[in-house]
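Printed here is structure-v3.cif (mmCIF, N, CA and C atoms):
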data_model
loop_
_atom_site.label_atom_id
_atom_site.label_comp_id
_atom_site.auth_asym_id
_atom_site.auth_seq_id
_atom_site.Cartn_x
_atom_site.Cartn_y
_atom_site.Cartn_z
N MET A 142 -15.47 -35.42 -32.84
CA MET A 142 -15.30 -34.03 -32.49
C MET A 142 -14.15 -33.45 -33.33
N ILE A 143 -14.40 -32.33 -33.98
CA ILE A 143 -13.39 -31.67 -34.78
C ILE A 143 -12.70 -30.62 -33.92
N ARG A 144 -11.39 -30.68 -33.87
CA ARG A 144 -10.63 -29.74 -33.06
C ARG A 144 -9.94 -28.73 -33.97
N GLU A 145 -10.20 -27.45 -33.69
CA GLU A 145 -9.57 -26.41 -34.48
C GLU A 145 -8.10 -26.29 -34.11
N GLU A 146 -7.25 -26.12 -35.11
CA GLU A 146 -5.83 -25.95 -34.87
C GLU A 146 -5.57 -24.52 -34.42
N VAL A 147 -4.84 -24.38 -33.32
CA VAL A 147 -4.49 -23.06 -32.81
C VAL A 147 -3.14 -22.67 -33.41
N ILE A 148 -3.08 -21.49 -34.01
CA ILE A 148 -1.85 -21.02 -34.63
C ILE A 148 -1.24 -19.93 -33.75
N LEU A 149 0.00 -20.12 -33.36
CA LEU A 149 0.70 -19.15 -32.55
C LEU A 149 1.30 -18.07 -33.46
N PRO A 150 0.95 -16.79 -33.25
CA PRO A 150 1.50 -15.73 -34.09
C PRO A 150 3.02 -15.65 -33.97
N GLU A 151 3.70 -15.28 -35.05
CA GLU A 151 5.15 -15.15 -35.05
C GLU A 151 5.61 -14.14 -34.02
N THR A 152 4.81 -13.11 -33.77
CA THR A 152 5.20 -12.08 -32.80
C THR A 152 5.08 -12.55 -31.36
N ASN A 153 4.58 -13.75 -31.13
CA ASN A 153 4.55 -14.35 -29.80
C ASN A 153 5.75 -15.27 -29.59
N LYS A 154 6.69 -15.23 -30.51
CA LYS A 154 7.88 -16.10 -30.45
C LYS A 154 9.13 -15.25 -30.32
N ILE A 155 10.02 -15.66 -29.41
CA ILE A 155 11.34 -15.04 -29.29
C ILE A 155 12.34 -16.13 -29.65
N TYR A 156 13.04 -15.93 -30.78
CA TYR A 156 13.94 -16.95 -31.31
C TYR A 156 15.31 -16.87 -30.65
N SER A 157 15.87 -18.05 -30.29
CA SER A 157 17.24 -18.14 -29.79
C SER A 157 18.18 -18.59 -30.92
N THR A 158 17.63 -19.36 -31.87
CA THR A 158 18.35 -19.75 -33.07
C THR A 158 17.37 -19.62 -34.23
N ASP A 159 17.77 -20.07 -35.41
CA ASP A 159 16.86 -19.97 -36.56
C ASP A 159 15.61 -20.81 -36.41
N THR A 160 15.68 -21.89 -35.63
CA THR A 160 14.53 -22.79 -35.51
C THR A 160 13.99 -22.92 -34.10
N LYS A 161 14.78 -22.59 -33.08
CA LYS A 161 14.33 -22.72 -31.70
C LYS A 161 13.82 -21.39 -31.17
N TYR A 162 12.67 -21.43 -30.52
CA TYR A 162 12.08 -20.20 -29.98
C TYR A 162 11.41 -20.47 -28.65
N LYS A 163 11.17 -19.39 -27.92
CA LYS A 163 10.42 -19.42 -26.66
C LYS A 163 9.11 -18.70 -26.91
N ALA A 164 8.00 -19.33 -26.62
CA ALA A 164 6.69 -18.69 -26.80
C ALA A 164 6.41 -17.80 -25.59
N ILE A 165 5.78 -16.64 -25.85
CA ILE A 165 5.43 -15.69 -24.79
C ILE A 165 3.97 -15.27 -24.92
N ASP A 166 3.42 -14.77 -23.82
CA ASP A 166 2.10 -14.14 -23.85
C ASP A 166 2.30 -12.72 -24.39
N ARG A 167 1.32 -12.20 -25.15
CA ARG A 167 1.45 -10.86 -25.69
C ARG A 167 0.07 -10.23 -25.87
N ILE A 168 -0.02 -8.93 -25.60
CA ILE A 168 -1.27 -8.19 -25.78
C ILE A 168 -1.25 -7.52 -27.15
N TYR A 169 -2.37 -7.64 -27.86
CA TYR A 169 -2.58 -6.99 -29.15
C TYR A 169 -3.80 -6.11 -29.02
N GLY A 170 -3.90 -5.10 -29.86
CA GLY A 170 -5.11 -4.30 -29.82
C GLY A 170 -5.01 -3.01 -30.57
N GLY A 171 -6.15 -2.33 -30.60
CA GLY A 171 -6.25 -1.07 -31.30
C GLY A 171 -6.35 0.08 -30.32
N LEU A 172 -6.98 1.13 -30.77
CA LEU A 172 -7.11 2.32 -29.95
C LEU A 172 -8.12 2.17 -28.83
N HIS A 173 -9.09 1.31 -29.01
CA HIS A 173 -10.17 1.15 -28.04
C HIS A 173 -9.92 -0.07 -27.16
N LYS A 174 -10.33 0.04 -25.92
CA LYS A 174 -10.13 -1.05 -24.96
C LYS A 174 -10.79 -2.34 -25.43
N SER A 175 -11.92 -2.22 -26.10
CA SER A 175 -12.63 -3.41 -26.57
C SER A 175 -11.87 -4.15 -27.68
N ASP A 176 -10.90 -3.47 -28.31
CA ASP A 176 -10.11 -4.09 -29.37
C ASP A 176 -8.94 -4.90 -28.82
N GLN A 177 -8.62 -4.75 -27.53
CA GLN A 177 -7.46 -5.41 -26.96
C GLN A 177 -7.73 -6.88 -26.68
N ARG A 178 -6.69 -7.70 -26.92
CA ARG A 178 -6.79 -9.12 -26.59
C ARG A 178 -5.42 -9.63 -26.18
N LEU A 179 -5.41 -10.59 -25.29
CA LEU A 179 -4.18 -11.22 -24.82
C LEU A 179 -4.09 -12.60 -25.46
N VAL A 180 -3.06 -12.80 -26.28
CA VAL A 180 -2.83 -14.11 -26.88
C VAL A 180 -1.81 -14.82 -26.01
N LEU A 181 -2.22 -15.95 -25.45
CA LEU A 181 -1.36 -16.71 -24.55
C LEU A 181 -0.31 -17.50 -25.33
N LYS A 182 0.71 -17.99 -24.62
CA LYS A 182 1.81 -18.66 -25.30
C LYS A 182 1.41 -19.97 -25.96
N ASP A 183 0.24 -20.50 -25.64
CA ASP A 183 -0.23 -21.71 -26.32
C ASP A 183 -1.10 -21.37 -27.55
N GLY A 184 -1.26 -20.06 -27.83
CA GLY A 184 -2.01 -19.64 -29.01
C GLY A 184 -3.47 -19.33 -28.74
N THR A 185 -3.97 -19.62 -27.56
CA THR A 185 -5.36 -19.32 -27.23
C THR A 185 -5.49 -17.86 -26.80
N THR A 186 -6.72 -17.36 -26.79
CA THR A 186 -6.98 -15.97 -26.40
C THR A 186 -7.57 -15.92 -25.00
N TYR A 187 -6.99 -15.09 -24.16
CA TYR A 187 -7.46 -14.88 -22.79
C TYR A 187 -8.79 -14.14 -22.83
N THR A 188 -9.76 -14.60 -22.08
CA THR A 188 -11.10 -14.00 -22.13
C THR A 188 -11.41 -13.10 -20.94
N GLY A 189 -10.47 -12.96 -20.02
CA GLY A 189 -10.69 -12.12 -18.84
C GLY A 189 -10.45 -10.64 -19.11
N LYS A 190 -10.38 -9.89 -18.05
CA LYS A 190 -10.25 -8.43 -18.10
C LYS A 190 -8.79 -8.02 -18.31
N ILE A 191 -8.57 -6.99 -19.13
CA ILE A 191 -7.26 -6.39 -19.33
C ILE A 191 -7.33 -4.96 -18.79
N ASP A 192 -6.53 -4.69 -17.74
CA ASP A 192 -6.53 -3.37 -17.12
C ASP A 192 -5.38 -2.53 -17.65
N LYS A 193 -5.58 -1.22 -17.64
CA LYS A 193 -4.52 -0.27 -17.97
C LYS A 193 -4.17 0.44 -16.66
N ARG A 194 -2.89 0.45 -16.30
CA ARG A 194 -2.44 1.06 -15.05
C ARG A 194 -1.46 2.19 -15.35
N SER A 195 -1.55 3.27 -14.58
CA SER A 195 -0.65 4.41 -14.75
C SER A 195 0.66 4.17 -14.02
N ILE A 196 1.74 4.68 -14.62
CA ILE A 196 3.06 4.66 -13.99
C ILE A 196 3.67 6.05 -14.13
N LYS A 197 4.57 6.37 -13.22
CA LYS A 197 5.28 7.65 -13.31
C LYS A 197 6.64 7.37 -13.93
N LEU A 198 6.93 8.01 -15.06
CA LEU A 198 8.18 7.80 -15.78
C LEU A 198 9.31 8.60 -15.13
N SER A 199 10.55 8.27 -15.49
CA SER A 199 11.71 8.90 -14.87
C SER A 199 11.77 10.41 -15.11
N ASN A 200 11.16 10.89 -16.19
CA ASN A 200 11.17 12.33 -16.46
C ASN A 200 9.98 13.05 -15.80
N GLY A 201 9.21 12.34 -14.99
CA GLY A 201 8.10 12.94 -14.26
C GLY A 201 6.76 12.89 -14.96
N THR A 202 6.73 12.47 -16.22
CA THR A 202 5.46 12.35 -16.94
C THR A 202 4.80 11.02 -16.62
N LEU A 203 3.56 10.89 -17.06
CA LEU A 203 2.82 9.66 -16.82
C LEU A 203 2.86 8.76 -18.04
N GLY A 204 2.90 7.48 -17.81
CA GLY A 204 2.81 6.48 -18.86
C GLY A 204 1.82 5.42 -18.40
N PHE A 205 1.78 4.31 -19.10
CA PHE A 205 0.87 3.25 -18.69
C PHE A 205 1.43 1.87 -19.02
N VAL A 206 0.92 0.89 -18.31
CA VAL A 206 1.22 -0.52 -18.56
C VAL A 206 -0.10 -1.26 -18.52
N HIS A 207 -0.10 -2.50 -18.99
CA HIS A 207 -1.30 -3.34 -18.96
C HIS A 207 -1.11 -4.46 -17.95
N TYR A 208 -2.22 -4.89 -17.35
CA TYR A 208 -2.22 -5.98 -16.37
C TYR A 208 -3.34 -6.94 -16.73
N ALA A 209 -2.99 -8.21 -16.96
CA ALA A 209 -4.00 -9.22 -17.29
C ALA A 209 -3.46 -10.59 -16.91
N ASN A 210 -4.34 -11.45 -16.45
CA ASN A 210 -3.98 -12.83 -16.15
C ASN A 210 -2.81 -12.90 -15.17
N LYS A 211 -2.78 -11.96 -14.20
CA LYS A 211 -1.72 -11.86 -13.19
C LYS A 211 -0.34 -11.64 -13.80
N LYS A 212 -0.30 -10.95 -14.96
CA LYS A 212 0.96 -10.65 -15.64
C LYS A 212 0.95 -9.19 -16.07
N TRP A 213 2.14 -8.61 -16.23
CA TRP A 213 2.31 -7.21 -16.62
C TRP A 213 2.86 -7.12 -18.03
N PHE A 214 2.42 -6.08 -18.77
CA PHE A 214 2.83 -5.88 -20.16
C PHE A 214 3.11 -4.40 -20.40
N ASP A 215 4.11 -4.11 -21.24
CA ASP A 215 4.41 -2.71 -21.55
C ASP A 215 3.45 -2.17 -22.60
N ARG A 216 3.69 -0.93 -23.07
CA ARG A 216 2.80 -0.31 -24.05
C ARG A 216 2.76 -1.05 -25.37
N CYS A 217 3.82 -1.80 -25.67
CA CYS A 217 3.88 -2.57 -26.93
C CYS A 217 3.25 -3.94 -26.79
N GLY A 218 2.79 -4.29 -25.59
CA GLY A 218 2.16 -5.58 -25.37
C GLY A 218 3.12 -6.69 -24.98
N MET A 219 4.40 -6.34 -24.77
CA MET A 219 5.40 -7.34 -24.40
C MET A 219 5.40 -7.54 -22.88
N PRO A 220 5.68 -8.77 -22.42
CA PRO A 220 5.69 -9.04 -20.98
C PRO A 220 6.83 -8.31 -20.28
N ILE A 221 6.55 -7.82 -19.06
CA ILE A 221 7.54 -7.15 -18.23
C ILE A 221 7.36 -7.59 -16.79
N ASP A 222 8.35 -7.26 -15.94
CA ASP A 222 8.20 -7.48 -14.51
C ASP A 222 7.24 -6.43 -13.95
N LYS A 223 6.72 -6.69 -12.76
CA LYS A 223 5.80 -5.73 -12.14
C LYS A 223 6.52 -4.40 -11.95
N PRO A 224 5.95 -3.29 -12.44
CA PRO A 224 6.58 -1.98 -12.28
C PRO A 224 6.66 -1.56 -10.82
N THR A 225 7.72 -0.84 -10.47
CA THR A 225 7.88 -0.34 -9.11
C THR A 225 7.35 1.08 -8.98
N ASN A 226 6.98 1.70 -10.11
CA ASN A 226 6.54 3.09 -10.11
C ASN A 226 5.06 3.24 -10.45
N LEU A 227 4.23 2.31 -9.96
CA LEU A 227 2.79 2.36 -10.22
C LEU A 227 2.13 3.51 -9.48
N ILE A 228 1.14 4.10 -10.10
CA ILE A 228 0.32 5.13 -9.47
C ILE A 228 -1.10 4.57 -9.47
N THR A 229 -1.46 3.86 -8.41
CA THR A 229 -2.78 3.22 -8.36
C THR A 229 -3.33 3.29 -6.94
N ARG A 230 -4.60 2.98 -6.86
CA ARG A 230 -5.19 2.78 -5.55
C ARG A 230 -4.59 1.51 -4.97
N GLU A 231 -4.69 1.36 -3.67
CA GLU A 231 -4.11 0.17 -3.06
C GLU A 231 -4.85 -1.07 -3.50
N GLN A 232 -4.13 -1.95 -4.19
CA GLN A 232 -4.69 -3.20 -4.66
C GLN A 232 -3.61 -4.26 -4.55
N ASN A 233 -4.00 -5.50 -4.39
CA ASN A 233 -3.04 -6.60 -4.36
C ASN A 233 -2.98 -7.23 -5.74
N ASP A 234 -1.91 -6.95 -6.48
CA ASP A 234 -1.75 -7.45 -7.84
C ASP A 234 -0.51 -8.31 -7.98
N ASP A 235 -0.27 -9.17 -7.03
CA ASP A 235 0.94 -9.98 -7.10
C ASP A 235 0.72 -11.21 -7.85
#

Is it possible to give me this structure as structure tokens?
Amino acid sequence: MIREEVILPETNKIYSTDTKYKAIDRIYGGLHKSDQRLVLKDGTTYTGKIDKRSIKLSNGTLGFVHYANKKWFDRCGMPIDKPTNLITREQNDD
């Protein structure tokens, strides 16, 4: 059996020194929802659903965050804590 090597993108790494880093999950994508993908910290791609959720910003305007694999991501695709200012129907997303 031939096993394909999984390559972790550099943008999924947060360096603490020149050689030591922490791998993170990150969302990548284009303008369309079908272009979005979640690259996990082991380099594999998540195949489940990626949701976009609305949030109310401090200036009163609306913004959005992403939710996938029981994790939250900002507009840049970086991991964040669960937002406290969600504007959604009642759902359990813990």

Would you compute the distance between atom C of Asp192 of chain A and atom C of Phe205 of chain A? Give it in Å to one decimal.
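Calculated distance between atom C of Asp192 of chain A and atom C of Phe205 of chain A is 8.2 Å.
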
If we count only C-alpha atoms and set the cut-off at 8 Å, which residues sit around segment 214-218 of chain A, ignoring sequence neighbours fewer than 2 positions away in its own chain? Please answer as a VMD selection string.
chain A and resid 167 to 169 205 to 208 212 220 to 222

To test your reading of the structure, identify every residue in chain A that backbone DSSP assigns to helix (DSSP H, G or I), and report it as a ChimeraX atom specification.
/A:151-153,174-176

Would you output that residue set with N, CA and C atoms, as a short mmCIF file (atom, residue, chain, number, x, y, z; two decimals), in the frame of the given file?
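File again_22.cif, as written:
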data_model
loop_
_atom_site.label_atom_id
_atom_site.label_comp_id
_atom_site.auth_asym_id
_atom_site.auth_seq_id
_atom_site.Cartn_x
_atom_site.Cartn_y
_atom_site.Cartn_z
N GLU A 151 3.70 -15.28 -35.05
CA GLU A 151 5.15 -15.15 -35.05
C GLU A 151 5.61 -14.14 -34.02
N THR A 152 4.81 -13.11 -33.77
CA THR A 152 5.20 -12.08 -32.80
C THR A 152 5.08 -12.55 -31.36
N ASN A 153 4.58 -13.75 -31.13
CA ASN A 153 4.55 -14.35 -29.80
C ASN A 153 5.75 -15.27 -29.59
N LYS A 174 -10.33 0.04 -25.92
CA LYS A 174 -10.13 -1.05 -24.96
C LYS A 174 -10.79 -2.34 -25.43
N SER A 175 -11.92 -2.22 -26.10
CA SER A 175 -12.63 -3.41 -26.57
C SER A 175 -11.87 -4.15 -27.68
N ASP A 176 -10.90 -3.47 -28.31
CA ASP A 176 -10.11 -4.09 -29.37
C ASP A 176 -8.94 -4.90 -28.82
#

Name the residues that the PyMOL selection byres ((chain A and resi 190) around 8) picks from the file above, as a ChimeraX atom specification, using the file's chain letters and numbers.
/A:187-189,191-193,208-210

Please provide as a list in words all residues within 5 Å of Lys182 of chain A, with the sequence filter that same-chain residues fewer than 6 positions apart are discarded (counting only N, CA and C atoms).
Ala164, Ile165 and Asp166 of chain A

Take the structure in the block and write a file for chain A, C-alpha atoms, as a PDB file, in the first residue's frame.
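For reference, out-v1.pdb as written:
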ATOM      1  CA  MET A 142       0.000   0.000   0.000  1.00  0.00           C
ATOM      2  CA  ILE A 143       1.396   3.394  -1.004  1.00  0.00           C
ATOM      3  CA  ARG A 144       0.742   6.137   1.514  1.00  0.00           C
ATOM      4  CA  GLU A 145       0.606   9.715   0.313  1.00  0.00           C
ATOM      5  CA  GLU A 146       2.643  12.161   2.355  1.00  0.00           C
ATOM      6  CA  VAL A 147       0.516  14.878   3.931  1.00  0.00           C
ATOM      7  CA  ILE A 148       2.146  18.311   3.826  1.00  0.00           C
ATOM      8  CA  LEU A 149       1.163  20.838   6.473  1.00  0.00           C
ATOM      9  CA  PRO A 150       0.919  24.364   4.995  1.00  0.00           C
ATOM     10  CA  GLU A 151       3.240  26.976   6.544  1.00  0.00           C
ATOM     11  CA  THR A 152       0.205  29.111   7.362  1.00  0.00           C
ATOM     12  CA  ASN A 153      -1.046  26.337   9.674  1.00  0.00           C
ATOM     13  CA  LYS A 154       2.059  26.796  11.841  1.00  0.00           C
ATOM     14  CA  ILE A 155       2.601  29.309  14.641  1.00  0.00           C
ATOM     15  CA  TYR A 156       6.324  29.507  15.407  1.00  0.00           C
ATOM     16  CA  SER A 157       7.665  30.011  18.945  1.00  0.00           C
ATOM     17  CA  THR A 158      11.294  29.892  17.762  1.00  0.00           C
ATOM     18  CA  ASP A 159      12.971  29.557  14.375  1.00  0.00           C
ATOM     19  CA  THR A 160      12.420  25.791  14.338  1.00  0.00           C
ATOM     20  CA  LYS A 161       9.694  25.027  16.904  1.00  0.00           C
ATOM     21  CA  TYR A 162       6.061  25.585  15.994  1.00  0.00           C
ATOM     22  CA  LYS A 163       2.526  24.717  17.063  1.00  0.00           C
ATOM     23  CA  ALA A 164       0.247  23.351  14.345  1.00  0.00           C
ATOM     24  CA  ILE A 165      -3.295  24.776  14.157  1.00  0.00           C
ATOM     25  CA  ASP A 166      -6.497  24.099  12.249  1.00  0.00           C
ATOM     26  CA  ARG A 167      -7.248  26.795   9.650  1.00  0.00           C
ATOM     27  CA  ILE A 168      -9.983  27.549   7.114  1.00  0.00           C
ATOM     28  CA  TYR A 169      -9.006  28.465   3.550  1.00  0.00           C
ATOM     29  CA  GLY A 170     -11.259  29.444   0.711  1.00  0.00           C
ATOM     30  CA  GLY A 171     -12.491  31.781  -1.930  1.00  0.00           C
ATOM     31  CA  LEU A 172     -15.570  33.858  -2.428  1.00  0.00           C
ATOM     32  CA  HIS A 173     -17.921  30.905  -2.754  1.00  0.00           C
ATOM     33  CA  LYS A 174     -18.885  28.540   0.040  1.00  0.00           C
ATOM     34  CA  SER A 175     -17.949  25.553  -2.121  1.00  0.00           C
ATOM     35  CA  ASP A 176     -14.353  26.858  -2.282  1.00  0.00           C
ATOM     36  CA  GLN A 177     -13.903  26.741   1.508  1.00  0.00           C
ATOM     37  CA  ARG A 178     -11.934  23.975   3.183  1.00  0.00           C
ATOM     38  CA  LEU A 179     -10.676  23.316   6.692  1.00  0.00           C
ATOM     39  CA  VAL A 180      -7.102  22.047   6.872  1.00  0.00           C
ATOM     40  CA  LEU A 181      -6.589  20.253  10.173  1.00  0.00           C
ATOM     41  CA  LYS A 182      -3.403  20.478  12.219  1.00  0.00           C
ATOM     42  CA  ASP A 183      -2.277  17.072  10.965  1.00  0.00           C
ATOM     43  CA  GLY A 184      -2.447  18.323   7.350  1.00  0.00           C
ATOM     44  CA  THR A 185      -5.612  16.458   6.349  1.00  0.00           C
ATOM     45  CA  THR A 186      -8.721  18.199   4.999  1.00  0.00           C
ATOM     46  CA  TYR A 187     -11.982  18.170   6.968  1.00  0.00           C
ATOM     47  CA  THR A 188     -14.824  16.822   4.833  1.00  0.00           C
ATOM     48  CA  GLY A 189     -17.782  17.981   6.936  1.00  0.00           C
ATOM     49  CA  LYS A 190     -19.891  21.116   6.780  1.00  0.00           C
ATOM     50  CA  ILE A 191     -18.478  24.632   7.320  1.00  0.00           C
ATOM     51  CA  ASP A 192     -21.105  27.099   8.571  1.00  0.00           C
ATOM     52  CA  LYS A 193     -21.004  30.888   8.462  1.00  0.00           C
ATOM     53  CA  ARG A 194     -22.532  32.554  11.543  1.00  0.00           C
ATOM     54  CA  SER A 195     -23.457  36.209  12.039  1.00  0.00           C
ATOM     55  CA  ILE A 196     -22.109  38.261  14.933  1.00  0.00           C
ATOM     56  CA  LYS A 197     -22.869  41.790  16.078  1.00  0.00           C
ATOM     57  CA  LEU A 198     -19.724  43.926  16.174  1.00  0.00           C
ATOM     58  CA  SER A 199     -18.996  46.556  18.833  1.00  0.00           C
ATOM     59  CA  ASN A 200     -19.925  49.382  16.441  1.00  0.00           C
ATOM     60  CA  GLY A 201     -23.370  47.838  15.846  1.00  0.00           C
ATOM     61  CA  THR A 202     -22.678  46.439  12.378  1.00  0.00           C
ATOM     62  CA  LEU A 203     -22.828  42.781  11.447  1.00  0.00           C
ATOM     63  CA  GLY A 204     -19.850  40.536  10.834  1.00  0.00           C
ATOM     64  CA  PHE A 205     -19.386  36.804  10.538  1.00  0.00           C
ATOM     65  CA  VAL A 206     -17.398  33.864  11.851  1.00  0.00           C
ATOM     66  CA  HIS A 207     -17.065  30.265  10.662  1.00  0.00           C
ATOM     67  CA  TYR A 208     -17.986  27.118  12.598  1.00  0.00           C
ATOM     68  CA  ALA A 209     -16.689  23.668  11.640  1.00  0.00           C
ATOM     69  CA  ASN A 210     -15.643  20.482  13.411  1.00  0.00           C
ATOM     70  CA  LYS A 211     -16.920  21.949  16.739  1.00  0.00           C
ATOM     71  CA  LYS A 212     -14.433  24.837  16.422  1.00  0.00           C
ATOM     72  CA  TRP A 213     -14.769  28.571  15.706  1.00  0.00           C
ATOM     73  CA  PHE A 214     -12.753  30.604  13.172  1.00  0.00           C
ATOM     74  CA  ASP A 215     -12.555  34.318  12.381  1.00  0.00           C
ATOM     75  CA  ARG A 216     -12.932  35.897   8.920  1.00  0.00           C
ATOM     76  CA  CYS A 217      -9.263  35.157   8.174  1.00  0.00           C
ATOM     77  CA  GLY A 218      -9.731  31.459   8.953  1.00  0.00           C
ATOM     78  CA  MET A 219      -7.773  31.567  12.219  1.00  0.00           C
ATOM     79  CA  PRO A 220      -9.079  29.684  15.286  1.00  0.00           C
ATOM     80  CA  ILE A 221     -10.898  31.728  17.951  1.00  0.00           C
ATOM     81  CA  ASP A 222     -12.904  31.115  21.114  1.00  0.00           C
ATOM     82  CA  LYS A 223     -16.680  30.829  20.771  1.00  0.00           C
ATOM     83  CA  PRO A 224     -18.037  34.361  20.192  1.00  0.00           C
ATOM     84  CA  THR A 225     -20.319  35.821  22.860  1.00  0.00           C
ATOM     85  CA  ASN A 226     -22.081  38.116  20.371  1.00  0.00           C
ATOM     86  CA  LEU A 227     -23.654  35.521  18.048  1.00  0.00           C
ATOM     87  CA  ILE A 228     -26.882  36.342  16.237  1.00  0.00           C
ATOM     88  CA  THR A 229     -28.338  32.908  15.513  1.00  0.00           C
ATOM     89  CA  ARG A 230     -31.315  30.736  16.051  1.00  0.00           C
ATOM     90  CA  GLU A 231     -31.114  28.694  19.213  1.00  0.00           C
ATOM     91  CA  GLN A 232     -28.648  25.901  18.583  1.00  0.00           C
ATOM     92  CA  ASN A 233     -26.259  23.940  20.768  1.00  0.00           C
ATOM     93  CA  ASP A 234     -22.784  24.570  19.354  1.00  0.00           C
ATOM     94  CA  ASP A 235     -20.565  23.786  22.307  1.00  0.00           C
TER      95      ASP A 235
END
